[in-house]
Every structure is written in structure tokens, then in C-alpha cells.
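Have a look at the structure below, then the notes.
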Amino acid sequence: MALKQHLDDKVRFDQQVDNSLSYVLPFIEKTKTIGPGTTVLEVGTGEGGVLLPFINRGCFCVGVDLAPERIALANGFLAAEVAAGKVEFMCQNIYEDAFINRFKNFFDIIILKDVIEHVPEQEKFIPFLKTFLKPGLAAEVSTKEGGQIFFGFPPWYMPFGGHQQVCRTKWVSVLPYYHILPRFLYLGILKLAKEPDNIIKELLEIKDTQITIERFERIVKKSGLKVLNKQHYLINPIYKYKFGLKPRRQWAPLSWIPYFRDFVTTCVYYTVG
């Protein structure tokens with residue numbers, strides 16, 4: 001039973017805007033000054049809603065995504081902002097030379113909201129993002145002047161870390177934790193539920209990447225980046241749209257217990273630089 005936002009593009013866009021305004025932008029602003037002249041890149045921009053609060057602050061924004069249909073939606077929802085030159089949406093792979101040549105050392109802020117869990121070869125991808133930060137800023141971690149990367153994602157071992165809520169069949173969309181079963185059992189359950197091939201493909205790709213809090217922090221450290229700020233949530237802020245639940249921060253002592261925290265933390269926010 002897919003949720004409304006999985007089926008209605010405008011609902012999804014509006015939720016992106018509200019979540020960004022209420023949670024993402026304020027979190028980033030704790031470690032980074034945001035205002036006119038700030039350059040922002042969102043990787044995996046989808047419908048572009050996350051960027052609207054940044055545009056309204058005077059930032060110049062670029063949204064990139066591999067799905068042409070979602071870039072088309074972003075260009076439609078933000079047509080006035082695109083026409084005014086405040087934002088540009090691109091269907092392009094950021095590994096391509098054309099993208100690198102245009103945007104190398106260009107951005108103050110890079111945003112990945114519910115994206116890193118979809119990306120393969122994260123050990124290569126995360127340090128590669130530094131390519132697009134302004135010169136020298138990645139090392140200046142003691143002030144708000146340094147370039148920063150925001151990550152928001154659900155840890156793999158949390159109840160719905162496999163994104164199974166996108167399933168079309170109700171019982172598999174609300175069943176927690178079964179995504180951590182061995183791959184053949186997980187696939188068997190999805191096939192038993194007669195999920196569409198595209199849904200199964202997406203869920204297996206996420207299973208292959210399965211980013212945990214511990215693995216993410218190891219990659220960040222190995223990449224020469226430093227955690228500037230982090231917030232773990234017991235109740236993911238987006239659950240207020242999905243399930244009508246009030247967002248709740250994780251109990252601080254639990255946030256410091258390795259591995260166990262992954263099972264009871266539904267979302268994490270990080271800024272690194």
C-alpha cells in the first residue's frame with residue numbers, strides 16, 4: 001500500500017518544501033551562514049522542493065537528478081524561479097566531465113536528502129563530492145565560512161531502512177525489519193507479495209548499499225572530512241506526513257551506543273566539511 005506522497009507528485013513536492021523549511025535548512029544553518037550569494041547543489045533533487053526555502057533566502061541553487069521525469073516535474077513546480085535564473089535543474093550524472101568542468105569548486109553547500117542510501121560505491125562517492133566545494137573551504141571546519149555537505153538518511157537497520165514502505169501491497173509495506181533478511185529470503189517475500197519489478201529492483205539496490213551510521217561515519221573520516229553537526233531522530237521528521245507522528249529526537253545516550261542505535265533511530269542528519 002504505497003503512501004499518498006509516493007503516488008501524488010504535488011503532495012510529494014509540498015512535503016519536501018515543508019520538511020526543508022522546518023528541519024533541513026535550520027539544521028544546516030547551525031553551522032553555515034545561508035543568504036544571498038550562497039550557492040547550493042542538491043544531488044538527487046527529485047521534484048526540487050527541498051531547494052525552494054534556500055531559493056527564498058536568496059541562494060543560487062542547482063538540482064541534479066538521474067530521472068528525467070522528476071527533473072521535468074521540478075522545472076514545472078518551480079517554473080517562475082527557473083525563469084528568474086534563481087535555480088537550474090539538470091538531468092545529469094555528476095561524474096560526467098561536463099558537470100565537473102562547470103561546477104568544480106563552485107558550491108558552498110551540497111545537500112543529499114534521502115539519497116546516499118541509493119548511491120553505489122559510497123566510499124568513492126562521498127569524497128568525490130568535495131570536488132564541488134569552493135577552493136580550500138572543505139578544510140576550514142572551525143567557522144561558518146567553510147563549504148559543507150548535508151546528509152539526511154534512514155540507517156539501514158532501522159525498522160523501514162529498506163524503504164519497503166514504497167511497496168504496493170499493504171502487508172509488505174508495513175512489515176518492519178524484514179529487509180535485513182538474507183537477500184534470497186527478502187526477494188522471495190517481495191515476489192510472494194507480487195510487487196512490480198521496478199519496485200523490487202529499487203529495494204534490492206538499497207539493500208546492496210545498506211548504509212549504517214557506523215559505516216557512514218567511517219567513510220566520512222576516511223574521506224578527510226569532519227562531522228560538524230549531527231542529529232539522530234527516534235521519529236523521522238518526514239513521518240509527520242507519512243504517519244501523522246510528531247518528530248522526536250533520539251534519546252542522547254542511545255545516539256552514542258554503536259550498532260544498537262541503528263535499530264532504533266529512524267533518521268539521521270549530518271553536516272560534514
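All residue names refer to the C-alpha cells as shown: chains lettered A, B, ... in order, residues numbered from 1 in each chain, ligands numbered from 1 in order.
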Go through stretch 7-59 of chain A and flag each residue having an atom no more than 12 Å from stretch 229-240 of chain A; for those, report the closest pair of atoms plus their distance in Å to one decimal, using only C-alpha atoms, ordered by chain and rising number, as a Markdown table.
| residue | atom | partner | partner_atom | distance |
| --- | --- | --- | --- | --- |
| A:Arg12 | CA | A:Ile238 | CA | 10.7 |
| A:Asp14 | CA | A:Ile238 | CA | 11.8 |
| A:Gln15 | CA | A:Ile238 | CA | 8.0 |
| A:Gln16 | CA | A:Ile238 | CA | 8.8 |
| A:Val17 | CA | A:Ile238 | CA | 11.2 |
| A:Asp18 | CA | A:Ile238 | CA | 9.5 |
| A:Asn19 | CA | A:Ile238 | CA | 6.8 |
| A:Ser20 | CA | A:Ile238 | CA | 10.0 |
| A:Leu21 | CA | A:Pro237 | CA | 11.6 |
| A:Ser22 | CA | A:Pro237 | CA | 9.0 |
| A:Tyr23 | CA | A:Pro237 | CA | 7.5 |
| A:Val24 | CA | A:Pro237 | CA | 9.8 |
| A:Pro26 | CA | A:Gln231 | CA | 11.9 |
| A:Phe27 | CA | A:Asn229 | CA | 8.4 |
| A:Ile28 | CA | A:Asn229 | CA | 8.5 |
| A:Glu29 | CA | A:Asn229 | CA | 10.5 |
| A:Lys30 | CA | A:Asn229 | CA | 8.1 |
| A:Thr31 | CA | A:Asn229 | CA | 7.3 |
| A:Lys32 | CA | A:Asn229 | CA | 10.5 |
Backbone-only DSSP, strand (DSSP E) members of stretch 21-240 of chain A, as a ChimeraX atom specification:
/A:39-43,60-65,87-91,109-113,148-153,227-235
Compare A:Asp197, A:Asp97, A:Glu47, A:Asp114 by their minimum atom-to-atom distance to A:Phe151, counting only C-alpha atoms, and give me the closest one.
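Of all the options, A:Asp114 lies closest to A:Phe151.
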Give me the residues near A:Ser223 as a ChimeraX atom specification, where near means some atom within 8 Å (using only C-alpha atoms) and where sequence neighbours in that chain fewer than 2 positions away do not count.
/A:123,126-127,219-221,225
Could you turn the residues from that selection into a file that holds C-alpha atoms, as a JSON list (two decimals), in the first residue's frame?
[["chain", "number", "residue", "atom", "x", "y", "z"],
["A", 123, "GLU", "CA", 33.38, 5.03, -0.38],
["A", 126, "ILE", "CA", 31.35, 10.75, -0.62],
["A", 127, "PRO", "CA", 34.96, 12.01, -1.00],
["A", 219, "ILE", "CA", 33.62, 6.79, 5.23],
["A", 220, "VAL", "CA", 33.42, 10.44, 6.27],
["A", 221, "LYS", "CA", 36.55, 10.12, 8.41],
["A", 225, "LEU", "CA", 36.00, 15.16, 6.18]]
Neighbours of A:Val227 within 10 Å (only C-alpha atoms; same-chain residues fewer than 5 positions away dropped), as a list in words?
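Answer for this query is Val141, Gln148, Ile149, Glu217, Val220, Lys221, Tyr270, Thr271, Val272 and Gly273 of chain A.
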Put those residues in a file: N, CA, C and O atoms, as a PDB file, in the first residue's frame.
ATOM      1  N   VAL A 141      37.015  23.984   8.952  1.00  0.00           N
ATOM      2  CA  VAL A 141      35.873  23.435   9.663  1.00  0.00           C
ATOM      3  C   VAL A 141      35.558  24.177  10.948  1.00  0.00           C
ATOM      4  O   VAL A 141      34.610  23.847  11.635  1.00  0.00           O
ATOM      5  N   GLN A 148      30.244  22.969   3.078  1.00  0.00           N
ATOM      6  CA  GLN A 148      29.687  21.871   3.865  1.00  0.00           C
ATOM      7  C   GLN A 148      28.775  20.991   3.028  1.00  0.00           C
ATOM      8  O   GLN A 148      28.174  21.439   2.057  1.00  0.00           O
ATOM      9  N   ILE A 149      28.694  19.739   3.457  1.00  0.00           N
ATOM     10  CA  ILE A 149      27.813  18.771   2.810  1.00  0.00           C
ATOM     11  C   ILE A 149      26.811  18.276   3.838  1.00  0.00           C
ATOM     12  O   ILE A 149      27.189  17.865   4.947  1.00  0.00           O
ATOM     13  N   GLU A 217      29.967   7.109   9.152  1.00  0.00           N
ATOM     14  CA  GLU A 217      30.970   7.891   9.868  1.00  0.00           C
ATOM     15  C   GLU A 217      32.385   7.436   9.525  1.00  0.00           C
ATOM     16  O   GLU A 217      33.304   8.260   9.466  1.00  0.00           O
ATOM     17  N   VAL A 220      33.182   9.011   6.101  1.00  0.00           N
ATOM     18  CA  VAL A 220      33.424  10.443   6.267  1.00  0.00           C
ATOM     19  C   VAL A 220      34.837  10.684   6.783  1.00  0.00           C
ATOM     20  O   VAL A 220      35.588  11.511   6.254  1.00  0.00           O
ATOM     21  N   LYS A 221      35.217   9.954   7.819  1.00  0.00           N
ATOM     22  CA  LYS A 221      36.547  10.122   8.407  1.00  0.00           C
ATOM     23  C   LYS A 221      37.641   9.762   7.413  1.00  0.00           C
ATOM     24  O   LYS A 221      38.637  10.497   7.264  1.00  0.00           O
ATOM     25  N   TYR A 270      23.387  14.927   9.213  1.00  0.00           N
ATOM     26  CA  TYR A 270      24.793  15.260   9.410  1.00  0.00           C
ATOM     27  C   TYR A 270      25.153  16.434   8.514  1.00  0.00           C
ATOM     28  O   TYR A 270      24.715  16.497   7.359  1.00  0.00           O
ATOM     29  N   THR A 271      26.002  17.331   9.028  1.00  0.00           N
ATOM     30  CA  THR A 271      26.748  18.233   8.147  1.00  0.00           C
ATOM     31  C   THR A 271      28.228  17.895   8.332  1.00  0.00           C
ATOM     32  O   THR A 271      28.694  17.710   9.461  1.00  0.00           O
ATOM     33  N   VAL A 272      28.932  17.804   7.216  1.00  0.00           N
ATOM     34  CA  VAL A 272      30.353  17.479   7.245  1.00  0.00           C
ATOM     35  C   VAL A 272      31.090  18.484   6.371  1.00  0.00           C
ATOM     36  O   VAL A 272      30.527  19.078   5.445  1.00  0.00           O
ATOM     37  N   GLY A 273      32.384  18.673   6.678  1.00  0.00           N
ATOM     38  CA  GLY A 273      33.149  19.602   5.871  1.00  0.00           C
ATOM     39  C   GLY A 273      34.640  19.395   6.057  1.00  0.00           C
ATOM     40  O   GLY A 273      35.071  18.604   6.884  1.00  0.00           O
TER      41      GLY A 273
END
Find the distance between atom CA of A:Phe184 and atom CA of A:Lys207 and write it in Å to one decimal.
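Pair atom CA of A:Phe184 / atom CA of A:Lys207 returns 11.5 Å.
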Return the single residue from A:Leu41, A:Ile200, A:Phe153, A:Pro120 that is closest to A:Val172, with distances computed using only C-alpha atoms.
A:Ile200
Please identify which residues in stretch 2-198 of chain A DSSP calls helix (DSSP H, G or I) from the backbone, and express them as a ChimeraX atom specification.
/A:4-7,9-29,49-56,68-77,79-83,97-103,116-118,122-132,137-139,164-166,170-173,178-180,183-192,197-198
When you count only C-alpha atoms, which of these residues is closest to A:Phe13: A:Ala83, A:Ile189, A:Gln122, A:Leu51?
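Counting only C-alpha atoms, the residue closest to A:Phe13 is A:Leu51.
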Of the candidates A:Phe243, A:Glu214, A:Thr169, A:Thr45, which one gets nearest to A:Ser255 if we count only C-alpha atoms?
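Of all the options, A:Glu214 lies closest to A:Ser255.
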One number please: atom CA of A:Gln165 to atom CA of A:Phe54, in Å, one decimal.
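These atoms are spaced 28.6 Å apart.
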Give the answer as one residue: which of A:Met90, A:Lys201, A:Cys61, A:Thr266 has the shortest atom-to-atom distance to A:Arg249, using only C-alpha atoms?
A:Thr266
Contacts of A:Ser173 at 12 Å (only C-alpha atoms; same-chain gap of 6+ positions) as JSON, numbers by chain
{"A": [1, 2, 3, 159, 160, 161, 162, 163, 164, 165, 166, 167, 179, 189, 190, 193, 195, 199, 203]}
Selected residues, N, CA and C atoms, written as a CSV table (one decimal), in the first residue's frame, please.
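The resulting file, out31.csv, is shown below:
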chain,number,residue,atom,x,y,z
A,1,MET,N,0.8,-1.2,0.0
A,1,MET,CA,0.0,0.0,0.0
A,1,MET,C,0.9,1.2,0.0
A,2,ALA,N,1.2,1.8,-1.2
A,2,ALA,CA,2.0,2.9,-1.3
A,2,ALA,C,1.3,4.1,-0.6
A,3,LEU,N,2.1,5.0,0.0
A,3,LEU,CA,1.6,6.2,0.7
A,3,LEU,C,1.2,7.2,-0.4
A,159,PRO,N,13.6,0.1,11.4
A,159,PRO,CA,12.5,-0.8,11.0
A,159,PRO,C,12.2,-0.7,9.5
A,160,PHE,N,12.3,0.4,8.9
A,160,PHE,CA,12.0,0.6,7.5
A,160,PHE,C,13.2,1.1,6.7
A,161,GLY,N,14.4,0.7,7.1
A,161,GLY,CA,15.6,1.1,6.4
A,161,GLY,C,15.7,0.6,5.0
A,162,GLY,N,14.9,-0.3,4.6
A,162,GLY,CA,14.9,-0.8,3.3
A,162,GLY,C,14.0,-0.1,2.3
A,163,HIS,N,13.3,0.9,2.9
A,163,HIS,CA,12.3,1.7,2.1
A,163,HIS,C,11.1,0.8,1.6
A,164,GLN,N,10.8,-0.2,2.4
A,164,GLN,CA,9.8,-1.1,2.0
A,164,GLN,C,8.4,-0.5,2.0
A,165,GLN,N,8.3,0.7,2.6
A,165,GLN,CA,7.0,1.5,2.6
A,165,GLN,C,6.6,1.9,1.2
A,166,VAL,N,7.5,1.8,0.2
A,166,VAL,CA,7.1,2.1,-1.1
A,166,VAL,C,6.3,0.9,-1.8
A,167,CYS,N,6.3,-0.2,-1.2
A,167,CYS,CA,5.6,-1.4,-1.7
A,167,CYS,C,4.1,-1.1,-2.0
A,179,HIS,N,13.7,-6.4,5.7
A,179,HIS,CA,14.7,-6.1,4.7
A,179,HIS,C,16.1,-6.5,5.1
A,189,ILE,N,10.0,-12.8,-0.4
A,189,ILE,CA,8.9,-12.2,0.2
A,189,ILE,C,8.3,-11.1,-0.7
A,190,LEU,N,9.1,-10.4,-1.4
A,190,LEU,CA,8.7,-9.3,-2.3
A,190,LEU,C,7.9,-10.0,-3.5
A,193,ALA,N,4.5,-11.3,-2.5
A,193,ALA,CA,3.6,-10.2,-2.4
A,193,ALA,C,3.2,-9.6,-3.8
A,195,GLU,N,5.0,-7.8,-5.9
A,195,GLU,CA,5.5,-6.4,-6.1
A,195,GLU,C,6.0,-6.3,-7.5
A,199,ILE,N,9.8,-1.9,-8.5
A,199,ILE,CA,9.8,-1.7,-7.0
A,199,ILE,C,10.9,-2.7,-6.4
A,203,LEU,N,14.3,-1.7,-4.3
A,203,LEU,CA,14.5,-2.2,-3.0
A,203,LEU,C,15.8,-3.0,-2.9
Could you give me, as number ranges by chain, the residues within 12 Å of stretch 100-104 of chain A, counting only C-alpha atoms and dropping anything in the same chain fewer than 3 positions from it?
A: 39-41, 61-62, 64, 92-97, 107-108, 110, 128-135
